[in-house]
$ cat model-v1.cif   # mmCIF, C-alpha atoms and all ligand atoms
data_entry
loop_
_atom_site.group_PDB
_atom_site.id
_atom_site.type_symbol
_atom_site.label_atom_id
_atom_site.label_comp_id
_atom_site.auth_asym_id
_atom_site.auth_seq_id
_atom_site.Cartn_x
_atom_site.Cartn_y
_atom_site.Cartn_z
ATOM 1 C CA MET A 881 231.893 -74.939 -15.525
ATOM 2 C CA THR A 882 230.762 -71.985 -13.438
ATOM 3 C CA ASN A 883 231.174 -72.228 -9.715
ATOM 4 C CA PRO A 884 227.760 -71.211 -8.288
ATOM 5 C CA THR A 885 229.325 -69.970 -5.047
ATOM 6 C CA ILE A 886 231.600 -67.547 -6.835
ATOM 7 C CA THR A 887 228.820 -66.365 -9.111
ATOM 8 C CA ARG A 888 226.612 -65.561 -6.138
ATOM 9 C CA ARG A 889 229.436 -63.786 -4.365
ATOM 10 C CA GLN A 890 230.256 -61.767 -7.449
ATOM 11 C CA LEU A 891 226.639 -60.771 -7.777
ATOM 12 C CA LEU A 892 226.515 -59.638 -4.182
ATOM 13 C CA LEU A 893 229.742 -57.729 -4.541
ATOM 14 C CA GLY A 894 228.451 -55.989 -7.635
ATOM 15 C CA ALA A 895 225.275 -55.036 -5.846
ATOM 16 C CA CYS A 896 227.249 -53.752 -2.880
ATOM 17 C CA CYS A 897 229.326 -51.453 -5.065
ATOM 18 C CA LEU A 898 226.280 -50.245 -6.945
ATOM 19 C CA SER A 899 224.450 -49.463 -3.713
ATOM 20 C CA LEU A 900 227.327 -47.476 -2.317
ATOM 21 C CA GLY A 901 227.980 -45.811 -5.631
ATOM 22 C CA VAL A 902 231.633 -46.808 -5.715
ATOM 23 C CA THR A 903 233.650 -48.325 -8.508
ATOM 24 C CA SER A 904 235.653 -50.666 -6.328
ATOM 25 C CA CYS A 905 234.596 -52.490 -3.223
ATOM 26 C CA ALA A 906 237.087 -54.330 -1.069
ATOM 27 C CA ALA A 907 234.639 -55.588 1.526
ATOM 28 C CA THR A 908 234.215 -58.933 -0.207
ATOM 29 C CA ASN A 909 233.050 -61.062 2.672
ATOM 30 C CA LYS A 910 230.752 -58.612 4.371
ATOM 31 C CA THR A 911 227.779 -58.664 2.047
ATOM 32 C CA ASP A 912 224.444 -60.083 2.976
ATOM 33 C CA PRO A 913 221.386 -60.178 0.689
ATOM 34 C CA ASP A 914 219.202 -58.703 3.430
ATOM 35 C CA ALA A 915 221.500 -55.720 3.796
ATOM 36 C CA LEU A 916 221.688 -54.786 0.141
ATOM 37 C CA SER A 917 219.840 -51.786 -1.100
ATOM 38 C CA THR A 918 216.504 -52.489 -2.675
ATOM 39 C CA GLU A 919 217.114 -49.555 -4.960
ATOM 40 C CA PRO A 920 220.110 -48.661 -7.116
ATOM 41 C CA TYR A 921 222.457 -45.893 -6.026
ATOM 42 C CA PRO A 922 221.299 -42.584 -7.587
ATOM 43 C CA ARG A 923 223.564 -41.531 -10.456
ATOM 44 C CA ASN A 924 222.659 -37.862 -10.321
ATOM 45 C CA ALA A 925 220.646 -35.218 -8.460
ATOM 46 C CA THR A 926 217.391 -36.046 -10.238
ATOM 47 C CA GLU A 927 217.612 -39.712 -9.341
ATOM 48 C CA ALA A 928 218.543 -38.786 -5.769
ATOM 49 C CA LEU A 929 215.470 -36.559 -5.550
ATOM 50 C CA ASP A 930 213.256 -39.321 -6.967
ATOM 51 C CA ARG A 931 214.617 -41.721 -4.399
ATOM 52 C CA LEU A 932 213.751 -39.388 -1.525
ATOM 53 C CA LYS A 933 210.277 -38.889 -2.970
ATOM 54 C CA ARG A 934 209.700 -42.642 -3.258
ATOM 55 C CA GLY A 935 211.003 -43.142 0.273
ATOM 56 C CA ASN A 936 208.590 -40.568 1.634
ATOM 57 C CA GLN A 937 205.722 -42.214 -0.235
ATOM 58 C CA ARG A 938 206.601 -45.550 1.416
ATOM 59 C CA PHE A 939 206.883 -43.847 4.809
ATOM 60 C CA MET A 940 203.458 -42.241 4.410
ATOM 61 C CA ALA A 941 201.941 -45.577 3.406
ATOM 62 C CA GLU A 942 203.673 -47.293 6.359
ATOM 63 C CA LYS A 943 205.565 -49.471 3.890
ATOM 64 C CA SER A 944 209.111 -48.376 4.707
ATOM 65 C CA PHE A 945 211.881 -50.719 3.600
ATOM 66 C CA HIS A 946 214.114 -49.905 6.576
ATOM 67 C CA ALA A 947 217.022 -50.898 4.343
ATOM 68 C CA HIS A 948 220.662 -50.211 5.190
ATOM 69 C CA GLU A 949 220.324 -50.737 8.912
ATOM 70 C CA LYS A 950 221.882 -54.132 9.531
ATOM 71 C CA PHE A 951 225.361 -54.954 10.766
ATOM 72 C CA SER A 952 226.435 -56.312 7.381
ATOM 73 C CA TRP A 953 225.568 -53.035 5.662
ATOM 74 C CA ARG A 954 227.125 -50.889 8.349
ATOM 75 C CA SER A 955 230.314 -52.944 8.016
ATOM 76 C CA LEU A 956 230.616 -51.713 4.435
ATOM 77 C CA LEU A 957 230.581 -48.145 5.681
ATOM 78 C CA VAL A 958 233.365 -48.375 8.233
ATOM 79 C CA ASP A 959 235.985 -46.995 5.854
ATOM 80 C CA THR A 960 233.883 -45.004 3.452
ATOM 81 C CA GLN A 961 230.674 -43.082 2.932
ATOM 82 C CA LYS A 962 228.978 -41.811 -0.167
ATOM 83 C CA PRO A 963 225.649 -40.253 0.784
ATOM 84 C CA PHE A 964 223.554 -39.262 -2.225
ATOM 85 C CA ALA A 965 221.884 -36.254 -0.569
ATOM 86 C CA THR A 966 222.480 -33.622 2.070
ATOM 87 C CA VAL A 967 219.520 -32.620 4.227
ATOM 88 C CA ILE A 968 219.428 -29.376 6.203
ATOM 89 C CA GLY A 969 216.673 -29.936 8.737
ATOM 90 C CA CYS A 970 215.264 -28.834 12.086
ATOM 91 C CA SER A 971 216.284 -30.501 15.359
ATOM 92 C CA ASP A 972 212.626 -31.203 16.141
ATOM 93 C CA SER A 973 212.233 -34.750 17.492
ATOM 94 C CA ARG A 974 209.252 -35.302 15.222
ATOM 95 C CA VAL A 975 211.184 -34.723 12.012
ATOM 96 C CA PRO A 976 213.967 -37.322 11.612
ATOM 97 C CA PRO A 977 215.027 -37.167 7.932
ATOM 98 C CA GLU A 978 216.167 -40.805 7.711
ATOM 99 C CA LEU A 979 212.742 -42.082 8.762
ATOM 100 C CA ILE A 980 210.775 -39.551 6.738
ATOM 101 C CA PHE A 981 212.627 -40.486 3.549
ATOM 102 C CA ASP A 982 213.015 -44.175 4.447
ATOM 103 C CA VAL A 983 216.778 -44.235 4.026
ATOM 104 C CA GLY A 984 219.417 -45.867 6.176
ATOM 105 C CA PHE A 985 223.016 -45.604 7.290
ATOM 106 C CA GLY A 986 225.280 -43.841 4.822
ATOM 107 C CA ASP A 987 222.464 -42.672 2.546
ATOM 108 C CA ILE A 988 222.099 -39.031 3.542
ATOM 109 C CA PHE A 989 224.314 -36.442 5.206
ATOM 110 C CA THR A 990 222.224 -34.485 7.689
ATOM 111 C CA VAL A 991 222.721 -31.120 9.350
ATOM 112 C CA ARG A 992 220.077 -30.308 11.927
ATOM 113 C CA LEU A 993 219.577 -27.131 13.933
ATOM 114 C CA ALA A 994 216.338 -25.665 15.294
ATOM 115 C CA GLY A 995 214.529 -23.825 12.513
ATOM 116 C CA ASN A 996 216.790 -25.325 9.797
ATOM 117 C CA ILE A 997 218.836 -22.152 10.108
ATOM 118 C CA ILE A 998 221.928 -21.372 8.080
ATOM 119 C CA ALA A 999 224.319 -20.569 10.901
ATOM 120 C CA GLU A 1000 228.041 -20.263 10.238
ATOM 121 C CA ASP A 1001 228.854 -23.776 11.440
ATOM 122 C CA VAL A 1002 226.135 -25.161 9.218
ATOM 123 C CA VAL A 1003 227.849 -23.656 6.215
ATOM 124 C CA GLY A 1004 231.068 -25.469 7.139
ATOM 125 C CA SER A 1005 229.237 -28.790 7.268
ATOM 126 C CA LEU A 1006 227.554 -28.095 3.944
ATOM 127 C CA GLN A 1007 230.844 -27.152 2.387
ATOM 128 C CA TYR A 1008 232.195 -30.517 3.534
ATOM 129 C CA ALA A 1009 229.199 -32.283 1.990
ATOM 130 C CA GLY A 1010 229.775 -30.476 -1.292
ATOM 131 C CA SER A 1011 233.537 -30.540 -1.622
ATOM 132 C CA HIS A 1012 234.382 -33.887 0.023
ATOM 133 C CA LEU A 1013 231.283 -36.050 -0.201
ATOM 134 C CA HIS A 1014 230.060 -34.566 -3.492
ATOM 135 C CA THR A 1015 226.390 -35.116 -2.739
ATOM 136 C CA PRO A 1016 224.489 -34.080 -5.871
ATOM 137 C CA LEU A 1017 221.349 -33.056 -3.989
ATOM 138 C CA PHE A 1018 220.804 -30.544 -1.158
ATOM 139 C CA VAL A 1019 217.435 -30.452 0.568
ATOM 140 C CA VAL A 1020 216.196 -27.860 3.057
ATOM 141 C CA LEU A 1021 213.583 -29.590 5.203
ATOM 142 C CA GLY A 1022 211.206 -27.385 7.174
ATOM 143 C CA HIS A 1023 208.136 -28.657 8.982
ATOM 144 C CA GLY A 1024 204.675 -27.659 10.120
ATOM 145 C CA GLY A 1025 204.417 -26.296 13.651
ATOM 146 C CA CYS A 1026 208.110 -25.420 13.856
ATOM 147 C CA GLY A 1027 208.791 -24.031 17.351
ATOM 148 C CA ALA A 1028 211.723 -21.903 16.216
ATOM 149 C CA VAL A 1029 209.621 -20.249 13.525
ATOM 150 C CA ALA A 1030 206.710 -19.793 15.952
ATOM 151 C CA ALA A 1031 209.055 -18.166 18.490
ATOM 152 C CA THR A 1032 210.253 -15.777 15.791
ATOM 153 C CA LEU A 1033 206.671 -14.819 14.944
ATOM 154 C CA ASP A 1034 206.025 -14.254 18.653
ATOM 155 C CA ALA A 1035 209.040 -11.994 18.831
ATOM 156 C CA ILE A 1036 207.851 -9.998 15.810
ATOM 157 C CA LEU A 1037 204.206 -9.761 16.830
ATOM 158 C CA HIS A 1038 204.413 -9.570 20.612
ATOM 159 C CA HIS A 1039 208.033 -8.649 21.283
ATOM 160 C CA ALA A 1040 208.309 -11.883 23.256
ATOM 161 C CA GLN A 1041 211.662 -12.321 24.990
ATOM 162 C CA GLU A 1042 213.598 -15.570 24.893
ATOM 163 C CA PRO A 1043 216.881 -16.604 26.542
ATOM 164 C CA GLU A 1044 219.982 -15.186 24.884
ATOM 165 C CA HIS A 1045 220.878 -18.126 22.679
ATOM 166 C CA ILE A 1046 217.335 -18.654 21.461
ATOM 167 C CA GLU A 1047 217.326 -14.955 20.590
ATOM 168 C CA SER A 1048 220.288 -15.591 18.323
ATOM 169 C CA LEU A 1049 218.301 -18.286 16.505
ATOM 170 C CA ILE A 1050 215.393 -15.889 16.115
ATOM 171 C CA LYS A 1051 217.717 -13.235 14.746
ATOM 172 C CA LEU A 1052 218.725 -15.596 11.946
ATOM 173 C CA ILE A 1053 215.143 -16.546 11.059
ATOM 174 C CA LYS A 1054 213.601 -13.030 11.238
ATOM 175 C CA PRO A 1055 214.826 -11.600 7.910
ATOM 176 C CA GLY A 1056 213.122 -14.402 5.988
ATOM 177 C CA LEU A 1057 209.703 -13.549 7.434
ATOM 178 C CA ARG A 1058 209.660 -9.869 6.509
ATOM 179 C CA GLY A 1059 207.311 -10.157 3.544
ATOM 180 C CA LEU A 1060 204.553 -12.055 5.345
ATOM 181 C CA ASP A 1061 201.000 -10.837 5.849
ATOM 182 C CA PHE A 1062 200.799 -10.608 9.640
ATOM 183 C CA ASN A 1063 197.046 -9.966 9.648
ATOM 184 C CA GLN A 1064 196.075 -13.556 8.871
ATOM 185 C CA SER A 1065 195.148 -16.197 11.458
ATOM 186 C CA TRP A 1066 197.959 -17.653 13.558
ATOM 187 C CA LYS A 1067 197.560 -21.042 11.899
ATOM 188 C CA ASN A 1068 197.852 -19.626 8.385
ATOM 189 C CA LEU A 1069 200.631 -17.284 9.409
ATOM 190 C CA LEU A 1070 202.733 -20.091 10.882
ATOM 191 C CA HIS A 1071 202.111 -22.214 7.792
ATOM 192 C CA ALA A 1072 203.301 -19.380 5.550
ATOM 193 C CA ALA A 1073 206.221 -18.573 7.855
ATOM 194 C CA VAL A 1074 207.540 -22.147 7.789
ATOM 195 C CA GLU A 1075 207.638 -22.093 3.993
ATOM 196 C CA ALA A 1076 209.165 -18.607 3.971
ATOM 197 C CA ASN A 1077 211.855 -19.810 6.356
ATOM 198 C CA VAL A 1078 212.724 -22.724 4.070
ATOM 199 C CA ARG A 1079 213.018 -20.335 1.134
ATOM 200 C CA TRP A 1080 215.136 -17.993 3.275
ATOM 201 C CA SER A 1081 217.548 -20.827 4.089
ATOM 202 C CA MET A 1082 217.806 -21.634 0.383
ATOM 203 C CA GLN A 1083 218.350 -17.975 -0.474
ATOM 204 C CA GLN A 1084 221.176 -17.707 2.041
ATOM 205 C CA LEU A 1085 222.866 -20.784 0.614
ATOM 206 C CA LEU A 1086 222.657 -19.331 -2.870
ATOM 207 C CA MET A 1087 224.526 -16.243 -1.682
ATOM 208 C CA PHE A 1088 227.704 -18.325 -1.606
ATOM 209 C CA PRO A 1089 229.509 -18.256 -4.960
ATOM 210 C CA GLU A 1090 230.620 -21.856 -4.361
ATOM 211 C CA ALA A 1091 226.986 -22.958 -4.132
ATOM 212 C CA LYS A 1092 226.054 -21.049 -7.270
ATOM 213 C CA ARG A 1093 228.918 -22.698 -9.128
ATOM 214 C CA ALA A 1094 227.935 -26.169 -7.906
ATOM 215 C CA LEU A 1095 224.400 -25.677 -9.203
ATOM 216 C CA LYS A 1096 225.592 -24.370 -12.537
ATOM 217 C CA GLU A 1097 228.661 -26.469 -13.248
ATOM 218 C CA ARG A 1098 228.174 -29.699 -11.308
ATOM 219 C CA HIS A 1099 224.431 -30.065 -11.848
ATOM 220 C CA VAL A 1100 223.788 -29.994 -8.125
ATOM 221 C CA ILE A 1101 220.132 -29.458 -7.193
ATOM 222 C CA LEU A 1102 218.916 -27.435 -4.198
ATOM 223 C CA VAL A 1103 215.339 -28.181 -3.154
ATOM 224 C CA GLY A 1104 213.059 -26.722 -0.481
ATOM 225 C CA THR A 1105 210.598 -28.987 1.307
ATOM 226 C CA VAL A 1106 208.040 -28.841 4.115
ATOM 227 C CA TYR A 1107 207.116 -31.879 6.200
ATOM 228 C CA ASP A 1108 203.554 -32.317 7.438
ATOM 229 C CA LEU A 1109 203.548 -33.648 11.013
ATOM 230 C CA LYS A 1110 200.109 -35.169 10.629
ATOM 231 C CA THR A 1111 200.247 -36.920 7.257
ATOM 232 C CA GLY A 1112 203.977 -37.639 7.201
ATOM 233 C CA GLY A 1113 204.086 -36.211 3.693
ATOM 234 C CA VAL A 1114 206.854 -33.989 2.368
ATOM 235 C CA ARG A 1115 205.815 -31.145 0.089
ATOM 236 C CA PHE A 1116 208.479 -30.277 -2.470
ATOM 237 C CA LEU A 1117 208.424 -26.542 -3.132
ATOM 238 C CA SER A 1118 208.540 -25.333 -6.687
HETATM 239 ZN ZN ZN B 1201 211.346 -26.939 13.856
#
$ encode --input "model-v1.cif" --output "structure tokens"
Amino acid sequence: MTNPTITRRQLLLGACCLSLGVTSCAATNKTDPDALSTEPYPRNATEALDRLKRGNQRFMAEKSFHAHEKFSWRSLLVDTQKPFATVIGCSDSRVPPELIFDVGFGDIFTVRLAGNIIAEDVVGSLQYAGSHLHTPLFVVLGHGGCGAVAATLDAILHHAQEPEHIESLIKLIKPGLRGLDFNQSWKNLLHAAVEANVRWSMQQLLMFPEAKRALKERHVILVGTVYDLKTGGVRFLS
């Protein structure tokens, strides 16, 4: 006769392993139905991308799950992590990737610097995400009204001066804005510049042979996105 307690525990354990995307899970007594993922762990880059898209849809509709936040879930992550995506975003306080994509602890590896720039230290973090965490999906997340991008436009158009270290940020963003039409309205120009900056970050990443190989041989996906501050929606660039 089946022991119902064991069956329930086994079910929970199975769900725990599935959620974390691991094949063995030693944290037998730490599971809690409330803490389990409401969605299965993505098996590849496409599923990871779909999960982020669904999460953003929930966020926009104010129907976020807020899963993977409780103590019981965090306990499972003490000795391991297996995020299914890496997000390269801006430091802007209005653009927190975990909230925008409705994911929780351990779900995404995030690297945030003003203007979602690809500085040298960023590359080290991304290399870690690729070679140690093996996230199948990399997302560059820009956003409307980005101050770093606006400051770069100001520097180009008006030769505005910023403190030394902000200047070094601007220097990294500038090359990506070269092809823009600077005769359009400020609003349209900033909109175009934000997208151009996302594409520039992607282009810089693709300059690394390791990144090219990961896309070709390990079916890693690199996606550019722009977050709308007003609607909360994320536009996935083609
Ligand atoms: Zn920004």
$ residues_near_ligand --input "model-v1.cif" --ligand "ligand ZN 1201 (chain B)" --cutoff "10 Å" --atoms "all atoms listed in the file" --output "list in words"
Gly969, Cys970, Ser971, Asp972, Ser973, Arg974, Val975, Arg992, Leu993, Ala994, Gly995, Asn996, Ile997, Leu1021, Gly1022, His1023, Gly1024, Gly1025, Cys1026, Gly1027, Ala1028, Val1029, Ala1030 and Val1074 of chain A
$ residues_near_point --input "model-v1.cif" --point "(207.7, -21.7, 0.0)" --cutoff "9 Å" --atoms "all atoms listed in the file" --output "list in words"
Ala1072, Ala1073, Val1074, Glu1075, Ala1076, Asn1077, Val1078, Arg1079, Trp1080, Gly1104, Thr1105, Val1106, Phe1116, Leu1117 and Ser1118 of chain A
$ write_last_selection --input "model-v1.cif" --atoms "C-alpha atoms" --output "PDB file, keeping the file's coordinate frame"
ATOM      1  CA  ALA A1072     203.301 -19.380   5.550  1.00  0.00           C
ATOM      2  CA  ALA A1073     206.221 -18.573   7.855  1.00  0.00           C
ATOM      3  CA  VAL A1074     207.540 -22.147   7.789  1.00  0.00           C
ATOM      4  CA  GLU A1075     207.638 -22.093   3.993  1.00  0.00           C
ATOM      5  CA  ALA A1076     209.165 -18.607   3.971  1.00  0.00           C
ATOM      6  CA  ASN A1077     211.855 -19.810   6.356  1.00  0.00           C
ATOM      7  CA  VAL A1078     212.724 -22.724   4.070  1.00  0.00           C
ATOM      8  CA  ARG A1079     213.018 -20.335   1.134  1.00  0.00           C
ATOM      9  CA  TRP A1080     215.136 -17.993   3.275  1.00  0.00           C
ATOM     10  CA  GLY A1104     213.059 -26.722  -0.481  1.00  0.00           C
ATOM     11  CA  THR A1105     210.598 -28.987   1.307  1.00  0.00           C
ATOM     12  CA  VAL A1106     208.040 -28.841   4.115  1.00  0.00           C
ATOM     13  CA  PHE A1116     208.479 -30.277  -2.470  1.00  0.00           C
ATOM     14  CA  LEU A1117     208.424 -26.542  -3.132  1.00  0.00           C
ATOM     15  CA  SER A1118     208.540 -25.333  -6.687  1.00  0.00           C
TER      16      SER A1118
END
$ atom_distance --input "model-v1.cif" --atom1 "atom CA of Asn936 of chain A" --atom2 "atom CA of His948 of chain A"
15.9 Å
$ residues_around --input "model-v1.cif" --residues "Thr926 of chain A" --least-positions-apart "6" --cutoff "12 Å" --atoms "all atoms listed in the file" --output "list in words"
Leu932, Lys933, Phe964, Ala965, Thr1015, Pro1016, Leu1017, Phe1018, His1099, Val1100, Ile1101, Leu1102 and Val1103 of chain A
$ closest_residue --input "model-v1.cif" --among "A:Leu1060, A:Ala1009, A:Val983, A:Leu1069" --to "Phe945 of chain A" --atoms "all atoms listed in the file"
A:Val983
$ atom_distance --input "model-v1.cif" --atom1 "atom CA of Gln1007 of chain A" --atom2 "atom CA of Ile988 of chain A"
14.8 Å
$ closest_residue --input "model-v1.cif" --among "A:Leu1109, A:Arg1115, A:Gly986, A:Ala1094" --to "Leu956 of chain A" --atoms "all atoms listed in the file"
A:Gly986
$ atom_distance --input "model-v1.cif" --atom1 "atom CA of Glu1047 of chain A" --atom2 "atom CA of Leu1086 of chain A"
24.5 Å
